[in-house]
file work_24.csv (CSV, C-alpha atoms and all ligand atoms)
chain,number,residue,atom,x,y,z
A,269,MET,CA,-1.1,12.1,-19.3
A,270,ILE,CA,-1.7,8.3,-19.8
A,271,PRO,CA,1.5,6.4,-20.0
A,272,GLU,CA,2.1,3.9,-22.9
A,273,PRO,CA,1.5,0.2,-22.2
A,274,VAL,CA,4.6,-1.8,-21.4
A,275,SER,CA,4.7,-5.2,-23.3
A,276,ALA,CA,4.4,-8.3,-21.2
A,277,PRO,CA,7.6,-10.4,-20.8
A,278,GLY,CA,5.7,-13.6,-21.9
A,279,ASN,CA,7.3,-15.6,-19.1
A,280,GLY,CA,4.1,-16.8,-17.6
A,281,GLN,CA,5.0,-15.3,-14.2
A,282,THR,CA,2.5,-13.9,-11.7
A,283,VAL,CA,3.4,-11.4,-9.0
A,284,GLY,CA,1.4,-10.5,-5.9
A,285,ILE,CA,1.9,-7.0,-4.5
A,286,ASP,CA,0.9,-6.1,-0.9
A,287,ARG,CA,0.7,-2.4,0.1
A,288,GLY,CA,2.6,-2.1,3.3
A,289,VAL,CA,2.9,0.6,5.9
A,290,ALA,CA,6.6,0.2,6.8
A,291,VAL,CA,7.4,-0.6,3.2
A,292,SER,CA,5.5,0.9,0.3
A,293,ALA,CA,5.0,-2.3,-1.6
A,294,ALA,CA,6.1,-5.9,-0.9
A,295,LEU,CA,6.3,-8.3,-3.9
A,296,SER,CA,5.7,-12.0,-3.6
A,297,THR,CA,9.3,-12.5,-4.9
A,298,GLY,CA,10.4,-11.1,-1.5
A,299,GLU,CA,11.4,-7.7,-2.8
A,300,LEU,CA,10.4,-4.7,-0.7
A,301,LEU,CA,10.0,-1.5,-2.6
A,302,ARG,CA,10.4,1.6,-0.5
A,303,ILE,CA,9.2,5.0,-1.5
A,304,SER,CA,11.4,8.0,-0.9
A,305,GLY,CA,9.3,10.7,0.7
A,306,LEU,CA,10.8,13.5,2.8
A,307,THR,CA,14.0,12.8,4.6
A,308,ALA,CA,14.1,13.0,8.5
A,309,ARG,CA,15.7,16.4,8.1
A,310,GLU,CA,13.1,17.7,5.8
A,311,ARG,CA,10.3,16.4,8.0
A,312,SER,CA,11.7,18.2,11.0
A,313,ARG,CA,12.0,21.4,8.9
A,314,MET,CA,8.4,20.9,8.0
A,315,ARG,CA,7.4,20.7,11.6
A,316,ARG,CA,9.3,23.9,12.4
A,317,LEU,CA,7.7,25.7,9.5
A,318,GLU,CA,4.3,24.6,10.6
A,319,ARG,CA,4.9,26.0,14.1
A,320,LYS,CA,6.1,29.3,12.6
A,321,LEU,CA,3.0,29.5,10.5
A,322,ALA,CA,0.8,29.1,13.5
A,323,ARG,CA,2.6,32.0,15.2
A,324,ALA,CA,2.7,34.3,12.1
A,325,ARG,CA,0.2,37.2,11.9
A,326,ARG,CA,-2.4,36.9,9.2
A,327,GLY,CA,-1.6,38.8,6.1
A,328,SER,CA,2.0,39.4,7.2
A,329,ASN,CA,4.9,39.1,4.7
A,330,ARG,CA,6.5,36.5,7.1
A,331,ARG,CA,3.4,34.4,6.9
A,332,GLY,CA,3.5,34.4,3.1
A,333,ARG,CA,7.2,33.3,3.1
A,334,VAL,CA,6.5,30.5,5.5
A,335,ARG,CA,3.5,29.3,3.5
A,336,LEU,CA,5.6,29.3,0.3
A,337,ALA,CA,8.4,27.2,2.0
A,338,ILE,CA,5.8,24.7,3.2
A,339,ALA,CA,4.3,24.4,-0.3
A,340,ARG,CA,7.7,23.8,-1.8
A,341,LEU,CA,8.4,21.0,0.6
A,342,LYS,CA,5.1,19.4,0.0
A,343,ALA,CA,5.6,19.6,-3.8
A,344,ARG,CA,9.0,17.9,-3.3
A,345,GLU,CA,7.3,15.0,-1.5
A,346,THR,CA,4.6,14.7,-4.1
A,347,ASP,CA,7.3,14.6,-6.9
A,348,ARG,CA,9.2,11.9,-5.2
A,349,ARG,CA,6.1,9.8,-4.7
A,350,LYS,CA,5.1,10.2,-8.4
A,351,ASP,CA,8.5,9.4,-9.5
A,352,TRP,CA,8.5,6.2,-7.4
A,353,ALA,CA,5.1,5.1,-8.7
A,354,GLU,CA,6.4,5.6,-12.3
A,355,LYS,CA,9.5,3.6,-11.9
A,356,ALA,CA,8.0,0.8,-9.7
A,357,SER,CA,5.1,0.3,-12.1
A,358,THR,CA,7.3,0.1,-15.2
A,359,TYR,CA,9.6,-2.3,-13.4
A,360,ILE,CA,6.7,-4.6,-12.4
A,361,ALA,CA,4.9,-4.4,-15.7
A,362,ARG,CA,8.1,-5.4,-17.6
A,363,ARG,CA,8.9,-8.4,-15.4
A,364,PHE,CA,5.6,-10.2,-14.8
A,365,ASP,CA,2.8,-11.3,-17.1
A,366,LEU,CA,0.1,-11.2,-14.5
A,367,ILE,CA,0.0,-8.7,-11.6
A,368,ARG,CA,-2.3,-9.2,-8.6
A,369,VAL,CA,-3.1,-6.6,-6.1
A,370,GLU,CA,-5.5,-6.2,-3.2
A,371,ASN,CA,-8.7,-4.5,-4.1
A,372,LEU,CA,-8.6,-1.6,-1.7
A,373,GLN,CA,-11.0,1.3,-1.8
A,374,ILE,CA,-8.5,3.8,-0.5
A,375,LYS,CA,-10.9,6.8,-0.4
A,376,ASN,CA,-13.6,4.8,1.4
A,377,MET,CA,-11.1,3.6,3.9
A,378,THR,CA,-10.1,7.1,4.8
A,379,ARG,CA,-13.7,8.2,5.1
A,380,SER,CA,-15.0,5.1,6.9
A,381,ALA,CA,-12.5,5.3,9.8
A,382,ARG,CA,-14.5,8.1,11.3
A,383,GLY,CA,-17.7,6.1,11.3
A,384,THR,CA,-21.1,7.8,11.4
A,385,PRO,CA,-22.7,9.6,14.4
A,386,GLN,CA,-24.9,6.4,14.9
A,387,ASN,CA,-22.0,4.1,14.6
A,388,PRO,CA,-18.7,5.8,15.4
A,389,GLY,CA,-15.6,4.1,14.3
A,390,ARG,CA,-13.3,2.4,16.8
A,391,ASN,CA,-9.7,3.3,17.2
A,392,VAL,CA,-10.4,6.2,15.0
A,393,GLY,CA,-7.1,8.0,15.5
A,394,GLN,CA,-5.1,4.9,14.9
A,395,LYS,CA,-7.1,4.0,11.7
A,396,ILE,CA,-6.8,7.5,10.3
A,397,GLY,CA,-3.1,7.5,10.9
A,398,LEU,CA,-2.7,4.2,9.1
A,399,ASN,CA,-4.9,5.3,6.3
A,400,ARG,CA,-3.0,8.5,5.9
A,401,GLU,CA,0.2,6.4,5.7
A,402,ILE,CA,-1.4,4.3,2.9
A,403,LEU,CA,-2.3,7.4,0.9
A,404,ARG,CA,1.1,8.8,1.4
A,405,SER,CA,2.8,5.7,0.4
A,406,GLY,CA,1.6,6.3,-3.2
A,407,TRP,CA,-0.3,3.0,-3.4
A,408,GLY,CA,-3.3,4.4,-5.2
A,409,LEU,CA,-1.0,5.9,-7.8
A,410,LEU,CA,1.0,2.8,-8.2
A,411,VAL,CA,-2.1,0.7,-8.9
A,412,ARG,CA,-3.4,3.2,-11.4
A,413,ARG,CA,-0.1,3.3,-13.3
A,414,LEU,CA,0.0,-0.5,-13.3
A,415,GLU,CA,-3.4,-0.7,-14.9
A,416,GLN,CA,-2.3,1.8,-17.5
A,417,LYS,CA,1.0,0.2,-18.3
A,418,ALA,CA,-0.2,-3.4,-18.1
A,419,PRO,CA,-3.8,-3.2,-19.4
A,420,GLY,CA,-5.7,-6.5,-18.9
A,421,ARG,CA,-2.8,-7.9,-16.9
A,422,VAL,CA,-3.8,-6.5,-13.4
A,423,GLU,CA,-6.2,-8.5,-11.2
A,424,LYS,CA,-7.7,-7.2,-8.1
A,425,ILE,CA,-8.0,-9.7,-5.3
A,426,ARG,CA,-10.3,-9.4,-2.4
A,427,PRO,CA,-8.2,-8.5,0.6
A,428,ALA,CA,-9.8,-10.8,3.2
A,429,PHE,CA,-7.3,-12.8,5.3
A,430,THR,CA,-4.3,-12.1,3.1
A,431,SER,CA,-2.4,-11.0,6.2
A,432,GLN,CA,-3.5,-13.8,8.5
A,433,ARG,CA,-3.2,-16.8,6.0
A,434,CYS,CA,0.1,-18.8,5.9
A,435,SER,CA,1.3,-18.7,2.3
A,436,ALA,CA,3.1,-22.0,2.9
A,437,CYS,CA,0.3,-24.2,4.4
A,438,GLY,CA,-2.9,-22.2,4.0
A,439,GLN,CA,-3.8,-22.0,7.7
A,440,VAL,CA,-5.7,-18.8,8.7
A,441,ASP,CA,-4.9,-17.5,12.2
A,442,PRO,CA,-4.7,-13.9,13.3
A,443,LYS,CA,-2.1,-15.0,15.9
A,444,SER,CA,0.3,-15.9,13.1
A,445,ARG,CA,0.7,-12.2,12.5
A,446,GLU,CA,3.2,-11.6,15.3
A,447,SER,CA,3.6,-7.9,14.7
A,448,GLN,CA,3.3,-5.3,11.9
A,449,ALA,CA,6.5,-6.7,10.3
A,450,ASP,CA,6.6,-10.4,11.2
A,451,PHE,CA,4.6,-13.4,10.3
A,452,ARG,CA,5.1,-16.8,11.9
A,453,CYS,CA,2.6,-19.6,11.2
A,454,THR,CA,1.1,-21.1,14.3
A,455,ALA,CA,0.5,-24.4,12.4
A,456,CYS,CA,3.6,-25.1,10.4
A,457,GLY,CA,6.1,-22.5,11.8
A,458,TYR,CA,6.8,-20.9,8.5
A,459,ALA,CA,8.3,-17.4,9.2
A,460,CYS,CA,8.5,-14.6,6.8
A,461,ASN,CA,8.2,-10.8,6.4
A,462,ALA,CA,4.5,-10.2,7.0
A,463,ASP,CA,4.0,-8.1,3.9
A,464,VAL,CA,5.8,-10.6,1.7
A,465,ASN,CA,3.6,-13.4,3.2
A,466,ALA,CA,0.5,-11.4,2.3
A,467,ALA,CA,1.9,-10.7,-1.2
A,468,ARG,CA,2.4,-14.4,-1.8
A,469,ASN,CA,-1.3,-15.0,-0.8
A,470,ILE,CA,-2.3,-12.3,-3.2
A,471,ALA,CA,-0.1,-13.8,-6.0
A,472,ALA,CA,-1.8,-17.2,-5.5
A,473,GLY,CA,-5.2,-15.7,-5.5
A,474,HIS,CA,-5.8,-17.2,-2.1
A,475,ALA,CA,-7.5,-14.1,-0.7
A,476,VAL,CA,-10.8,-15.8,-0.3
A,477,THR,CA,-12.8,-16.1,2.9
A,478,ALA,CA,-12.2,-19.1,5.1
A,479,ARG,CA,-15.6,-20.3,4.2
A,480,GLY,CA,-14.8,-20.3,0.5
A,481,GLY,CA,-16.5,-17.1,-0.5
A,482,GLY,CA,-16.1,-15.4,-3.8
A,483,GLY,CA,-15.1,-11.8,-4.7
A,484,ILE,CA,-12.2,-12.8,-7.0
A,485,THR,CA,-12.0,-11.7,-10.6
A,486,ARG,CA,-11.2,-15.2,-12.0
A,487,PRO,CA,-11.7,-18.7,-10.7
A,488,VAL,CA,-9.0,-19.9,-8.4
A,489,ASN,CA,-8.9,-22.5,-5.6
A,490,ARG,CA,-11.6,-21.4,-3.2
A,491,GLU,CA,-11.6,-24.1,-0.6
A,492,PRO,CA,-9.0,-24.0,2.2
A,493,HIS,CA,-8.7,-27.8,2.1
A,494,LEU,CA,-7.8,-27.7,-1.5
A,495,LEU,CA,-5.1,-25.2,-0.7
A,496,LEU,CA,-3.7,-27.5,1.9
A,497,GLN,CA,-3.6,-30.4,-0.6
A,498,SER,CA,-1.8,-28.4,-3.2
A,499,ALA,CA,0.7,-26.9,-0.7
A,501,ZN,ZN,1.8,-22.5,7.8

call {"tool": "encode", "arguments": {"input": "work_24.csv", "output": "structure tokens"}}
result
Amino acid sequence: MIPEPVSAPGNGQTVGIDRGVAVSAALSTGELLRISGLTARERSRMRRLERKLARARRGSNRRGRVRLAIARLKARETDRRKDWAEKASTYIARRFDLIRVENLQIKNMTRSARGTPQNPGRNVGQKIGLNREILRSGWGLLVRRLEQKAPGRVEKIRPAFTSQRCSACGQVDPKSRESQADFRCTACGYACNADVNAARNIAAGHAVTARGGGGITRPVNREPHLLLQSA
């Protein structure tokens, strides 16, 4: 079922949204939206059930019961993720006129982590783990719902350098990304939650290559020196 469009607030405001791993979505306003998946208790129950399933004899009644319990838990997680995407997308579509997100090909990312036999992917385990987290975080569903609820108001921004660029001064340096969670600019010292910093770059449409490449859906400042002047 396709949800009804939500009318734009008409306030001229733009928001950037970054998909996080620790948080489900960071807004350029500084808000962090967390998805509620399974609780710690439910996750440990899931692990127990999976061990039980591995031990249960094929075709046994016990195996059937364990499978059903696992399916119920998974359904609960899916429901929560869907519910989150519905609420978050309505909230964002109501508050902002223009919504900018990274253009991520989620399915391709999952597939490409493994690489090919000729060109095997590096850090495959790590990448698959990260990609699985992204899928689980409901990002794909959130973006789909945003496009349905805010038709014509969602722009996809090329993701290059969004996490390495300082949203205050425009400097691009991978060293500024101190950790998964923290950003501290090596040029100007601006410090911020790393996902929020990326969301601000996405909001500004600054997600261009350092050499001023394209890939953006509408004209924005493409030259890093222009960004510096306007900062
Ligand atoms: Zn800076």

call {"tool": "residues_around", "arguments": {"input": "work_24.csv", "residues": "range 277-283 of chain A", "least_positions_apart": "4", "cutoff": "12 Å", "atoms": "only C-alpha atoms", "output": "mmCIF file with C-alpha atoms, in the coordinates of the input"}}
result
data_model
loop_
_atom_site.group_PDB
_atom_site.id
_atom_site.type_symbol
_atom_site.label_atom_id
_atom_site.label_comp_id
_atom_site.auth_asym_id
_atom_site.auth_seq_id
_atom_site.Cartn_x
_atom_site.Cartn_y
_atom_site.Cartn_z
ATOM 1 C CA ALA A 293 5.000 -2.300 -1.600
ATOM 2 C CA ALA A 294 6.100 -5.900 -0.900
ATOM 3 C CA LEU A 295 6.300 -8.300 -3.900
ATOM 4 C CA SER A 296 5.700 -12.000 -3.600
ATOM 5 C CA THR A 297 9.300 -12.500 -4.900
ATOM 6 C CA GLY A 298 10.400 -11.100 -1.500
ATOM 7 C CA GLU A 299 11.400 -7.700 -2.800
ATOM 8 C CA THR A 358 7.300 0.100 -15.200
ATOM 9 C CA TYR A 359 9.600 -2.300 -13.400
ATOM 10 C CA ILE A 360 6.700 -4.600 -12.400
ATOM 11 C CA ALA A 361 4.900 -4.400 -15.700
ATOM 12 C CA ARG A 362 8.100 -5.400 -17.600
ATOM 13 C CA ARG A 363 8.900 -8.400 -15.400
ATOM 14 C CA PHE A 364 5.600 -10.200 -14.800
ATOM 15 C CA ASP A 365 2.800 -11.300 -17.100
ATOM 16 C CA LEU A 366 0.100 -11.200 -14.500
ATOM 17 C CA ILE A 367 0.000 -8.700 -11.600
ATOM 18 C CA ARG A 368 -2.300 -9.200 -8.600
ATOM 19 C CA VAL A 369 -3.100 -6.600 -6.100
ATOM 20 C CA GLU A 370 -5.500 -6.200 -3.200
ATOM 21 C CA ALA A 418 -0.200 -3.400 -18.100
ATOM 22 C CA ARG A 421 -2.800 -7.900 -16.900
ATOM 23 C CA VAL A 422 -3.800 -6.500 -13.400
ATOM 24 C CA GLU A 423 -6.200 -8.500 -11.200
ATOM 25 C CA LYS A 424 -7.700 -7.200 -8.100
ATOM 26 C CA VAL A 464 5.800 -10.600 1.700
ATOM 27 C CA ALA A 466 0.500 -11.400 2.300
ATOM 28 C CA ALA A 467 1.900 -10.700 -1.200
ATOM 29 C CA ARG A 468 2.400 -14.400 -1.800
ATOM 30 C CA ASN A 469 -1.300 -15.000 -0.800
ATOM 31 C CA ILE A 470 -2.300 -12.300 -3.200
ATOM 32 C CA ALA A 471 -0.100 -13.800 -6.000
ATOM 33 C CA ALA A 472 -1.800 -17.200 -5.500
ATOM 34 C CA GLY A 473 -5.200 -15.700 -5.500
#

call {"tool": "atom_distance", "arguments": {"input": "work_24.csv", "atom1": "CA of Asp351 in chain A", "atom2": "CA of Thr307 in chain A"}}
result
15.5 Å

call {"tool": "atom_distance", "arguments": {"input": "work_24.csv", "atom1": "CA of Arg331 in chain A", "atom2": "CA of Asp347 in chain A"}}
result
24.4 Å

call {"tool": "residues_near_ligand", "arguments": {"input": "work_24.csv", "ligand": "ligand ZN 501 (chain A)", "cutoff": "10 Å", "atoms": "all atoms listed in the file", "output": "list in words"}}
result
Arg433, Cys434, Ser435, Ala436, Cys437, Gly438, Gln439, Val440, Asp441, Ser444, Phe451, Arg452, Cys453, Thr454, Ala455, Cys456, Gly457, Tyr458, Ala459, Leu496 and Ala499 of chain A

call {"tool": "atom_distance", "arguments": {"input": "work_24.csv", "atom1": "CA of Gln432 in chain A", "atom2": "CA of Ile285 in chain A"}}
result
15.6 Å

call {"tool": "residues_around", "arguments": {"input": "work_24.csv", "residues": "Arg412 in chain A", "least_positions_apart": "4", "cutoff": "10 Å", "atoms": "only C-alpha atoms", "output": "list in words"}}
result
Ile270, Ala353, Ser357, Trp407, Gly408, Gln416, Lys417, Ala418 and Val422 of chain A

call {"tool": "closest_residue", "arguments": {"input": "work_24.csv", "among": "A:Arg344, A:Ser431, A:Ala276, A:Pro442", "to": "Glu310 in chain A", "atoms": "only C-alpha atoms"}}
result
A:Arg344

call {"tool": "closest_residue", "arguments": {"input": "work_24.csv", "among": "A:Lys443, A:Arg287, A:Lys342, A:Arg335", "to": "Ala322 in chain A", "atoms": "all atoms listed in the file"}}
result
A:Arg335

call {"tool": "closest_residue", "arguments": {"input": "work_24.csv", "among": "A:Leu317, A:Leu372, A:Thr430, A:Lys355", "to": "Leu301 in chain A", "atoms": "only C-alpha atoms"}}
result
A:Lys355
